[in-house]
file work39.tsv (TSV, C-alpha atoms)
chain	number	residue	atom	x	y	z
A	236	MET	CA	29.79	-18.74	-19.90
A	237	SER	CA	29.58	-15.79	-17.52
A	238	SER	CA	26.91	-15.52	-14.84
A	239	LYS	CA	25.34	-12.68	-16.82
A	240	GLN	CA	25.10	-14.90	-19.91
A	241	ARG	CA	23.68	-17.76	-17.84
A	242	PHE	CA	21.00	-15.49	-16.41
A	243	ALA	CA	20.16	-14.14	-19.89
A	244	LEU	CA	19.78	-17.71	-21.15
A	245	LYS	CA	17.58	-18.65	-18.19
A	246	ARG	CA	15.42	-15.58	-18.74
A	247	ASP	CA	15.05	-16.10	-22.48
A	248	LEU	CA	14.04	-19.73	-21.93
A	249	LEU	CA	11.56	-18.71	-19.23
A	250	LEU	CA	9.96	-16.19	-21.57
A	251	LEU	CA	9.76	-18.81	-24.31
A	252	GLN	CA	8.10	-21.25	-21.90
A	253	GLN	CA	5.70	-18.51	-20.87
A	254	ARG	CA	4.75	-17.95	-24.48
A	255	VAL	CA	4.18	-21.66	-25.01
A	256	LYS	CA	2.09	-21.80	-21.83
A	257	SER	CA	-0.20	-19.04	-23.08
A	258	GLN	CA	-0.31	-20.09	-26.72
A	259	GLU	CA	-1.14	-23.72	-25.98
A	260	VAL	CA	-4.43	-22.71	-24.37
A	261	PHE	CA	-7.33	-23.01	-26.78
A	262	VAL	CA	-11.06	-22.60	-26.43
A	263	TYR	CA	-13.47	-25.36	-27.44
A	264	ASN	CA	-17.23	-25.02	-26.92
A	265	GLY	CA	-16.63	-22.11	-24.54
A	266	CYS	CA	-14.21	-24.11	-22.37
A	267	MET	CA	-10.46	-23.69	-22.12
A	268	PHE	CA	-8.04	-26.56	-22.61
A	269	ARG	CA	-4.29	-26.84	-22.71
A	270	ALA	CA	-2.84	-28.51	-25.80
A	271	ASP	CA	-0.19	-30.34	-23.80
A	272	ALA	CA	0.92	-33.97	-23.82
A	273	ASP	CA	-1.44	-34.94	-20.98
A	274	THR	CA	-4.51	-33.59	-22.75
A	275	VAL	CA	-3.47	-35.17	-26.05
A	276	ALA	CA	-3.16	-38.56	-24.31
A	277	TYR	CA	-6.43	-38.12	-22.39
A	278	ALA	CA	-8.28	-37.07	-25.55
A	279	GLN	CA	-7.69	-40.56	-27.01
A	280	THR	CA	-10.17	-41.91	-24.43
A	281	VAL	CA	-12.89	-39.33	-25.11
A	282	LYS	CA	-15.98	-40.53	-26.95
A	283	ASP	CA	-18.72	-38.55	-28.72
A	284	ASP	CA	-20.97	-36.63	-26.30
A	285	ALA	CA	-18.62	-37.25	-23.39
A	286	VAL	CA	-18.29	-34.59	-20.69
A	287	ILE	CA	-14.78	-33.56	-19.73
A	288	ILE	CA	-13.42	-30.95	-17.30
A	289	ASP	CA	-11.62	-27.89	-18.61
A	290	ILE	CA	-8.77	-25.87	-17.07
A	291	ASN	CA	-11.21	-23.81	-14.97
A	292	GLN	CA	-12.91	-26.96	-13.59
A	293	THR	CA	-15.93	-26.39	-15.82
A	294	PRO	CA	-17.66	-29.42	-17.36
A	295	CYS	CA	-17.64	-29.35	-21.12
A	296	LYS	CA	-19.60	-31.58	-23.46
A	297	ILE	CA	-17.70	-32.81	-26.51
A	298	PRO	CA	-20.25	-33.63	-29.22
A	299	ASN	CA	-17.64	-34.76	-31.74
A	300	ALA	CA	-14.60	-36.41	-30.17
A	301	ASP	CA	-12.70	-36.69	-33.46
A	302	ASP	CA	-13.06	-32.99	-34.08
A	303	PHE	CA	-11.82	-32.24	-30.57
A	304	ARG	CA	-8.80	-34.53	-31.01
A	305	HIS	CA	-8.03	-32.99	-34.39
A	306	THR	CA	-8.15	-29.43	-33.04
A	307	LEU	CA	-6.05	-30.42	-30.03
A	308	GLN	CA	-3.43	-32.28	-32.05
A	309	LEU	CA	-3.04	-29.41	-34.54
A	310	LYS	CA	-2.53	-26.93	-31.72
A	311	HIS	CA	-0.10	-29.23	-29.92
A	312	ASN	CA	2.02	-29.74	-33.05
A	313	GLU	CA	1.99	-26.05	-33.90
A	314	ILE	CA	3.19	-25.09	-30.43
A	315	LEU	CA	5.89	-27.75	-30.21
A	316	ASN	CA	7.28	-26.83	-33.62
A	317	GLU	CA	7.47	-23.19	-32.60
A	318	TYR	CA	9.02	-24.15	-29.27
A	319	ASP	CA	11.68	-26.29	-30.93
A	320	LYS	CA	12.59	-23.57	-33.44
A	321	GLU	CA	12.92	-20.83	-30.86
A	322	TYR	CA	14.63	-23.07	-28.31
A	323	GLN	CA	17.36	-23.85	-30.84
A	324	GLU	CA	17.75	-20.15	-31.63
A	325	ILE	CA	18.15	-19.29	-27.97
A	326	ILE	CA	20.70	-21.96	-27.05
A	327	LEU	CA	22.82	-21.24	-30.13
A	328	ARG	CA	22.85	-17.50	-29.51
B	243	MET	CA	-18.92	10.83	-11.50
B	244	SER	CA	-20.82	12.61	-14.24
B	245	MET	CA	-20.28	11.42	-17.78
B	246	THR	CA	-20.76	12.81	-21.22
B	247	LYS	CA	-20.34	10.55	-24.18
B	248	SER	CA	-18.42	11.91	-27.12
B	249	ILE	CA	-20.38	9.94	-29.70
B	250	LYS	CA	-23.68	8.10	-29.85
B	251	LYS	CA	-23.77	4.88	-27.95
B	252	SER	CA	-23.25	1.95	-30.28
B	253	TYR	CA	-23.77	-1.71	-29.61
B	254	TYR	CA	-21.24	-4.47	-29.85
B	255	ASP	CA	-21.27	-7.87	-28.19
B	256	LYS	CA	-17.61	-7.70	-27.16
B	257	GLY	CA	-14.86	-5.16	-26.84
B	258	ILE	CA	-11.92	-3.78	-24.93
B	259	LEU	CA	-12.17	-0.99	-22.37
B	260	LEU	CA	-9.28	1.24	-21.32
B	261	PHE	CA	-9.08	3.96	-18.69
B	262	SER	CA	-6.91	6.99	-19.39
B	263	PHE	CA	-6.56	9.98	-17.10
B	264	ASP	CA	-3.50	12.19	-17.41
B	265	THR	CA	-1.73	13.28	-14.23
B	266	PRO	CA	0.72	16.18	-13.85
B	267	GLU	CA	3.59	13.67	-13.99
B	268	LEU	CA	2.35	11.24	-16.62
B	269	GLN	CA	0.64	11.64	-19.96
B	270	TYR	CA	-1.38	8.43	-19.80
B	271	SER	CA	-3.22	9.42	-23.00
B	272	LYS	CA	0.00	8.90	-24.96
B	273	ILE	CA	0.51	5.45	-23.44
B	274	THR	CA	-3.13	4.65	-24.22
B	275	GLY	CA	-2.56	5.67	-27.84
B	276	LYS	CA	0.31	3.18	-28.13
B	277	CYS	CA	-1.72	0.48	-26.41
B	278	ILE	CA	-4.55	0.94	-28.93
B	279	GLU	CA	-2.09	0.88	-31.83
B	280	LEU	CA	-0.95	-2.59	-30.71
B	281	LEU	CA	-4.50	-3.78	-30.08
B	282	ARG	CA	-5.39	-2.90	-33.68
B	283	ILE	CA	-2.62	-5.21	-34.87
B	284	TYR	CA	-3.02	-8.16	-32.49
B	285	CYS	CA	-6.76	-8.01	-31.80
B	286	PRO	CA	-8.13	-6.71	-35.09
B	287	GLU	CA	-11.88	-6.16	-35.47
B	288	ILE	CA	-12.29	-5.78	-31.70
B	289	PRO	CA	-13.71	-2.36	-30.78
B	290	VAL	CA	-11.79	-0.32	-28.24
B	291	VAL	CA	-13.47	2.18	-25.93
B	292	VAL	CA	-11.59	4.58	-23.70
B	293	VAL	CA	-12.93	6.17	-20.53
B	294	GLY	CA	-10.88	9.28	-19.89
B	295	ASP	CA	-10.46	13.00	-19.58
B	296	GLN	CA	-9.86	13.67	-23.27
B	297	ILE	CA	-10.83	12.19	-26.62
B	298	ILE	CA	-8.43	9.53	-27.85
B	299	LYS	CA	-8.69	9.66	-31.62
B	300	SER	CA	-7.48	6.12	-32.26
B	301	ALA	CA	-10.20	4.61	-30.05
B	302	ASP	CA	-13.55	3.63	-31.53
B	303	TRP	CA	-15.05	6.01	-29.07
B	304	THR	CA	-14.23	7.84	-25.90
B	305	ILE	CA	-16.42	8.19	-22.86
B	306	LEU	CA	-15.46	11.52	-21.38
B	307	ALA	CA	-15.50	11.43	-17.63
B	308	ASP	CA	-14.65	13.71	-14.76
B	309	ASP	CA	-11.42	12.89	-13.00
B	310	PRO	CA	-11.91	10.08	-10.50
B	311	THR	CA	-10.93	10.59	-6.88
B	312	VAL	CA	-7.18	11.07	-6.87
B	313	ASN	CA	-5.26	8.21	-5.33
B	314	VAL	CA	-1.58	8.20	-4.37
B	315	HIS	CA	0.98	5.97	-6.04
B	316	ASN	CA	3.83	5.71	-3.57
B	317	LEU	CA	6.15	3.00	-4.88
B	318	ARG	CA	8.83	5.54	-5.82
B	319	GLY	CA	7.72	8.59	-3.93
B	320	PRO	CA	4.14	9.86	-3.74
B	321	LYS	CA	2.53	10.70	-7.08
B	322	PRO	CA	-1.12	11.36	-7.96
B	323	TRP	CA	-2.76	8.30	-9.50
B	324	LYS	CA	-6.21	8.37	-11.07
B	325	ASN	CA	-6.96	4.66	-11.06
B	326	LEU	CA	-10.25	4.54	-9.22
B	327	ALA	CA	-12.69	4.80	-12.14
B	328	ARG	CA	-12.22	1.14	-13.05
B	329	VAL	CA	-14.92	0.08	-10.64
B	330	ASP	CA	-17.44	1.86	-12.90
B	331	ALA	CA	-16.57	-0.43	-15.81
B	332	TYR	CA	-19.75	-2.46	-15.50
B	333	GLU	CA	-21.95	0.61	-15.97
B	334	LEU	CA	-19.73	2.29	-18.54
B	335	SER	CA	-18.97	-0.61	-20.82
B	336	PRO	CA	-21.26	-0.77	-23.84
B	337	PHE	CA	-20.32	-4.43	-24.41
B	338	ASP	CA	-21.91	-7.69	-23.26
B	339	THR	CA	-18.42	-9.11	-22.81
B	340	THR	CA	-15.69	-6.67	-21.86
B	341	ILE	CA	-11.98	-6.98	-21.35
B	342	ILE	CA	-10.54	-4.14	-19.28
B	343	ILE	CA	-6.80	-3.74	-19.66
B	344	ASP	CA	-4.38	-1.26	-18.16
B	345	SER	CA	-3.01	1.08	-20.80
B	346	ASP	CA	0.50	0.02	-19.76
B	347	TYR	CA	-0.33	-3.58	-20.63
B	348	LEU	CA	1.14	-3.84	-24.11
B	349	VAL	CA	-0.42	-6.51	-26.28
B	350	TYR	CA	1.88	-8.49	-28.57
B	351	ASP	CA	-0.23	-11.62	-29.14
B	352	ASN	CA	-3.83	-12.65	-29.69
B	353	ASN	CA	-4.39	-14.31	-26.32
B	354	LEU	CA	-7.05	-11.80	-25.30
B	355	LEU	CA	-9.30	-13.19	-28.02
B	356	LYS	CA	-9.45	-16.51	-26.15
B	357	LEU	CA	-10.98	-14.76	-23.16
B	358	PHE	CA	-13.87	-13.56	-25.30
B	359	GLU	CA	-14.60	-17.15	-26.35
B	360	SER	CA	-14.62	-18.48	-22.79
B	361	GLY	CA	-17.92	-19.28	-21.10
B	362	GLN	CA	-16.72	-17.95	-17.72
B	363	SER	CA	-18.31	-14.70	-16.54
B	364	VAL	CA	-15.11	-13.31	-14.97
B	365	LEU	CA	-11.47	-14.07	-15.74
B	366	ALA	CA	-8.30	-12.49	-14.33
B	367	HIS	CA	-4.68	-13.39	-13.67
B	368	THR	CA	-3.34	-14.68	-10.37
B	369	THR	CA	0.16	-15.85	-11.31
B	370	TRP	CA	2.71	-13.36	-12.53
B	371	CYS	CA	6.04	-13.80	-14.25
B	372	ASP	CA	8.54	-11.25	-13.00
B	373	ILE	CA	11.08	-11.03	-15.80
B	374	ASN	CA	13.50	-9.07	-13.64
B	375	TYR	CA	14.11	-12.14	-11.48
B	376	ALA	CA	12.95	-14.72	-14.03
B	377	GLU	CA	10.44	-16.10	-11.53
B	378	VAL	CA	6.80	-17.08	-11.61
B	379	SER	CA	4.78	-16.72	-8.43
B	380	LYS	CA	1.53	-15.67	-6.80
B	381	LEU	CA	1.37	-12.61	-4.57
B	382	PRO	CA	-0.26	-12.99	-1.17
B	383	MET	CA	-2.71	-10.20	-0.44
B	384	GLY	CA	-1.44	-8.35	2.61
B	385	ASN	CA	-1.23	-10.68	5.58
B	386	SER	CA	-4.14	-12.81	4.41
B	387	MET	CA	-4.16	-16.27	2.84
B	388	LEU	CA	-5.74	-14.90	-0.34
B	389	ASP	CA	-3.76	-14.88	-3.57
B	390	MET	CA	-3.96	-11.48	-5.19
B	391	MET	CA	-5.96	-11.35	-8.40
B	392	TRP	CA	-4.58	-8.84	-10.89
B	393	ALA	CA	-7.10	-6.32	-12.18
B	394	THR	CA	-4.68	-5.47	-15.03
B	395	VAL	CA	-6.48	-7.77	-17.48
B	396	LEU	CA	-10.06	-8.42	-16.47
B	397	MET	CA	-12.71	-10.08	-18.60
B	398	PHE	CA	-16.31	-9.88	-17.47
B	399	LYS	CA	-19.70	-10.64	-18.91
B	400	LYS	CA	-22.74	-8.65	-17.87
B	401	ASP	CA	-24.96	-10.63	-15.53
B	402	ALA	CA	-26.46	-10.17	-12.08
B	403	ALA	CA	-23.61	-11.89	-10.24
B	404	VAL	CA	-20.96	-9.79	-11.95
B	405	ARG	CA	-22.90	-6.62	-11.22
B	406	GLU	CA	-22.99	-7.64	-7.55
B	407	MET	CA	-19.22	-8.21	-7.62
B	408	PHE	CA	-18.67	-4.68	-8.97
B	409	ASP	CA	-21.00	-3.30	-6.29
B	410	ILE	CA	-18.95	-5.05	-3.60
B	411	TRP	CA	-15.75	-3.72	-5.22
B	412	ARG	CA	-17.18	-0.17	-5.03
B	413	ASN	CA	-18.14	-0.67	-1.41
B	414	ILE	CA	-14.62	-1.89	-0.60
B	415	LEU	CA	-13.12	1.24	-2.21
B	416	LYS	CA	-15.45	3.41	-0.11
B	417	ASN	CA	-14.35	1.63	3.05
B	418	TYR	CA	-10.76	0.92	2.01
B	419	GLN	CA	-9.21	1.90	5.33
B	420	PHE	CA	-11.25	-0.77	7.09
B	421	TYR	CA	-10.30	-3.46	4.57
B	422	ALA	CA	-6.67	-2.33	4.56
B	423	GLN	CA	-6.60	-2.75	8.33
B	424	MET	CA	-8.31	-6.12	8.14
B	425	PHE	CA	-6.07	-7.56	5.39
B	426	GLY	CA	-2.84	-5.78	6.33
B	427	LEU	CA	-2.65	-3.64	3.18
B	428	ASN	CA	-0.97	-0.31	2.48
B	429	LYS	CA	-3.52	2.24	3.67
B	430	ARG	CA	-2.12	5.14	1.68
B	431	MET	CA	-2.22	3.57	-1.78
B	432	ILE	CA	-5.55	2.12	-2.88
B	433	ARG	CA	-5.00	-0.80	-5.21
B	434	ASN	CA	-7.75	-2.02	-7.49
B	435	ASP	CA	-6.06	-5.43	-7.45
B	436	HIS	CA	-6.75	-5.69	-3.72
B	437	ALA	CA	-10.32	-4.40	-3.84
B	438	PHE	CA	-11.09	-6.70	-6.77
B	439	THR	CA	-9.56	-9.70	-4.98
B	440	ILE	CA	-11.63	-9.08	-1.86
B	441	ALA	CA	-14.78	-8.60	-3.96
B	442	MET	CA	-14.16	-11.88	-5.79
B	443	ALA	CA	-13.50	-13.67	-2.50
B	444	ASN	CA	-16.74	-12.26	-1.07
B	445	MET	CA	-18.67	-13.51	-4.08
B	446	GLN	CA	-17.39	-17.04	-3.40
B	447	ASP	CA	-17.96	-16.83	0.38
B	448	HIS	CA	-14.16	-16.83	0.68
B	449	GLY	CA	-13.99	-20.13	-1.19
B	450	SER	CA	-11.91	-20.91	-4.24
B	451	THR	CA	-11.84	-18.52	-7.19
B	452	GLU	CA	-9.75	-20.94	-9.28
B	453	HIS	CA	-12.45	-21.15	-11.95
B	454	THR	CA	-11.99	-17.44	-12.70
B	455	VAL	CA	-8.25	-17.61	-13.34
B	456	ILE	CA	-6.69	-16.87	-16.72
B	457	PRO	CA	-4.60	-20.00	-17.30
B	458	TRP	CA	-1.35	-18.30	-18.16
B	459	ASP	CA	0.85	-15.86	-16.28
B	460	ILE	CA	0.89	-12.11	-16.59
B	461	ILE	CA	4.34	-11.16	-17.86
B	462	THR	CA	5.52	-8.17	-15.85
B	463	ALA	CA	8.48	-5.84	-16.26
B	464	ASN	CA	8.86	-4.26	-12.83
B	465	GLN	CA	10.14	-0.81	-11.89
B	466	ASN	CA	13.77	-1.89	-12.37
B	467	PHE	CA	13.32	-2.08	-16.12
B	468	GLU	CA	13.96	0.77	-18.45
B	469	VAL	CA	12.19	0.70	-21.79
B	470	LYS	CA	14.88	1.14	-24.45
B	471	LYS	CA	12.81	0.76	-27.57
B	472	ILE	CA	9.25	-0.04	-28.48
B	473	THR	CA	8.04	-1.21	-31.87
B	474	ASN	CA	4.91	-2.93	-33.09
B	475	LYS	CA	6.72	-6.29	-33.00
B	476	ASN	CA	8.47	-6.20	-29.64
B	477	ILE	CA	9.74	-4.13	-26.77
B	478	VAL	CA	13.37	-3.87	-25.71
B	479	LEU	CA	13.91	-3.62	-21.96
B	480	GLN	CA	17.01	-3.19	-19.88
B	481	ASP	CA	17.72	-3.93	-16.25
B	482	GLN	CA	20.79	-4.70	-14.14
B	483	HIS	CA	21.16	-8.05	-15.95
B	484	GLY	CA	21.24	-6.54	-19.43
B	485	GLU	CA	18.87	-6.15	-22.36
B	486	ILE	CA	15.95	-8.37	-23.15
B	487	ILE	CA	13.58	-8.41	-26.10
B	488	VAL	CA	9.99	-9.26	-25.22
B	489	ASP	CA	7.64	-10.23	-28.04
B	490	GLN	CA	4.61	-11.28	-26.00
B	491	SER	CA	2.07	-9.26	-24.05
B	492	VAL	CA	3.73	-7.53	-21.13
B	493	HIS	CA	2.74	-5.28	-18.25
B	494	ILE	CA	5.19	-2.38	-17.90
B	495	LEU	CA	5.36	-0.96	-14.38
B	496	ASN	CA	7.93	1.76	-15.12
B	497	LYS	CA	5.46	4.12	-16.76
B	498	GLU	CA	7.87	7.07	-16.95
B	499	SER	CA	10.32	5.03	-18.97
B	500	LEU	CA	7.53	3.65	-21.16
B	501	LEU	CA	6.34	7.16	-21.90
B	502	ASN	CA	9.84	8.29	-22.79
B	503	ALA	CA	10.23	5.42	-25.25
B	504	ILE	CA	6.95	6.01	-27.11

call {"tool": "encode", "arguments": {"input": "work39.tsv", "output": "structure tokens"}}
result
Amino acid sequence: MSSKQRFALKRDLLLLQQRVKSQEVFVYNGCMFRADADTVAYAQTVKDDAVIIDINQTPCKIPNADDFRHTLQLKHNEILNEYDKEYQEIILR
Amino acid sequence: MSMTKSIKKSYYDKGILLFSFDTPELQYSKITGKCIELLRIYCPEIPVVVVGDQIIKSADWTILADDPTVNVHNLRGPKPWKNLARVDAYELSPFDTTIIIDSDYLVYDNNLLKLFESGQSVLAHTTWCDINYAEVSKLPMGNSMLDMMWATVLMFKKDAAVREMFDIWRNILKNYQFYAQMFGLNKRMIRNDHAFTIAMANMQDHGSTEHTVIPWDIITANQNFEVKKITNKNIVLQDQHGEIIVDQSVHILNKESLLNAI
């Protein structure tokens, strides 16, 4: 692989990661959260009416913890599936 | 600046505001037209208002304005740059929640819609992804310790604190030479990014503005990129490393090349 090809690969992967980084952000009750592995794991501890901190350090009340987890998990799966598909396309190019 | 509105003032709770003033070198109105075309696809149902020197037919309405004070863009030789009307956005915007974007910020995703849903009263980018070097970083503002906040995409809600921030921004523009000296900025080219950053810092008594940060990076194609092709699905760029297809929202700094490709 030439240095030009290596740079192109690096750049394509960076752009893909950038897209994932922006797409995984979702808004819940006016607060922004990232649908990443950490948040998915943390969400398992959240109970109804708990207050959690969003990306912008703003407290956010979660009236229905199950609904929050469901929204988060859906977003997380959607993003990872898209990431996997496009990652494979890039490395096989 | 005196204003005449081209249509009756309407009311919406949220919308997008663009500024578009042609210069002898650059037909910004054409770039604005393309920007609106993409907004219609990726942010449907969101009204778009343009503040400019001519009616943009694809906008929901245009606020006709006199040319703002001419600034100088001197990255590749001095060129007139009419970027100083942005500070009037608070007064001009008919929306409760407004997102101002540069007309050379081409939208290829629906991320802007998330900003409307946020409870924050101001949101802007601090980190940028320079696709020329494939790097993500923050820009220091002059010789200060402040990270530059990009005014390229700016969401604000109308309230007293935000009005005060815009007033400070205006005051900084009026006294730019003083602030440029104090922060070690280019005195000949007034940047809204810098004035906005200082205004935001003032509002927080020079404390953290982390709560006002858009939590993803602004993708930027710098002056080294040439725009080869632009469609409603993606934009093809070329630099010294080769071609790249970008299918997410991107800020194009090489406006001449962008205009040629439209």

call {"tool": "interface_residues", "arguments": {"input": "work39.tsv", "of": "chain A", "to": "chain B", "cutoff": "7 Å", "atoms": "all atoms listed in the file", "output": "CSV table (one decimal) with C-alpha atoms, in the frame of the given file"}}
result
chain,number,residue,atom,x,y,z
A,239,LYS,CA,25.3,-12.7,-16.8
A,246,ARG,CA,15.4,-15.6,-18.7
A,249,LEU,CA,11.6,-18.7,-19.2
A,254,ARG,CA,4.8,-18.0,-24.5
A,256,LYS,CA,2.1,-21.8,-21.8
A,257,SER,CA,-0.2,-19.0,-23.1
A,261,PHE,CA,-7.3,-23.0,-26.8
A,262,VAL,CA,-11.1,-22.6,-26.4
A,265,GLY,CA,-16.6,-22.1,-24.5
A,266,CYS,CA,-14.2,-24.1,-22.4
A,267,MET,CA,-10.5,-23.7,-22.1
A,291,ASN,CA,-11.2,-23.8,-15.0
A,292,GLN,CA,-12.9,-27.0,-13.6

call {"tool": "closest_residue", "arguments": {"input": "work39.tsv", "among": "B:Trp303, B:Tyr332, B:Phe408, B:Tyr284", "to": "Leu348 (chain B)", "atoms": "all atoms listed in the file"}}
result
B:Tyr284

call {"tool": "residues_around", "arguments": {"input": "work39.tsv", "residues": "His311 (chain A)", "least_positions_apart": "2", "cutoff": "12 Å", "atoms": "all atoms listed in the file", "output": "ChimeraX atom specification"}}
result
/A:255-256,258-261,268-276,304-309,313-318

call {"tool": "closest_residue", "arguments": {"input": "work39.tsv", "among": "B:Met442, B:Ser379, B:Thr339, B:Gln423", "to": "Asp401 (chain B)", "atoms": "all atoms listed in the file"}}
result
B:Thr339

call {"tool": "closest_residue", "arguments": {"input": "work39.tsv", "among": "B:Leu259, B:Ala437, B:Cys285, B:Ile341", "to": "Leu396 (chain B)", "atoms": "all atoms listed in the file"}}
result
B:Ile341

call {"tool": "closest_residue", "arguments": {"input": "work39.tsv", "among": "B:Val293, B:Ile288, B:Ile410, B:Lys299", "to": "Gly275 (chain B)", "atoms": "all atoms listed in the file"}}
result
B:Lys299

call {"tool": "atom_distance", "arguments": {"input": "work39.tsv", "atom1": "CA of Tyr254 (chain B)", "atom2": "CA of Phe337 (chain B)"}}
result
5.5 Å

call {"tool": "atom_distance", "arguments": {"input": "work39.tsv", "atom1": "CA of Lys272 (chain B)", "atom2": "CA of Lys470 (chain B)"}}
result
16.8 Å

call {"tool": "atom_distance", "arguments": {"input": "work39.tsv", "atom1": "CA of Ile494 (chain B)", "atom2": "CA of Gln465 (chain B)"}}
result
7.9 Å

call {"tool": "residues_around", "arguments": {"input": "work39.tsv", "residues": "Ala285 (chain A)", "least_positions_apart": "5", "cutoff": "8 Å", "atoms": "only C-alpha atoms", "output": "short mmCIF file (atom, residue, chain, number, x, y, z; two decimals) with C-alpha atoms, in the frame of the given file"}}
result
data_model
loop_
_atom_site.label_atom_id
_atom_site.label_comp_id
_atom_site.auth_asym_id
_atom_site.auth_seq_id
_atom_site.Cartn_x
_atom_site.Cartn_y
_atom_site.Cartn_z
CA LYS A 296 -19.60 -31.58 -23.46
CA ILE A 297 -17.70 -32.81 -26.51
CA PRO A 298 -20.25 -33.63 -29.22
CA ALA A 300 -14.60 -36.41 -30.17
#

call {"tool": "axis_aligned_box", "arguments": {"input": "work39.tsv", "around": "region 277-292 of chain A", "padding_each_side": "8 Å", "output": "JSON"}}
result
{"center_x": -13.7, "center_y": -32.9, "center_z": -21.2, "size_x": 30.5, "size_y": 34.1, "size_z": 31.1}

call {"tool": "closest_residue", "arguments": {"input": "work39.tsv", "among": "B:Phe398, B:Phe438, B:Trp392, B:Phe425", "to": "Asn413 (chain B)", "atoms": "all atoms listed in the file"}}
result
B:Phe438

call {"tool": "residues_near_point", "arguments": {"input": "work39.tsv", "point": "(-19.9, 3.4, -20.3)", "cutoff": "10 Å", "atoms": "all atoms listed in the file", "output": "PyMOL selection string"}}
result
chain B and resi 245-247+251+259+291-293+304-307+330-337
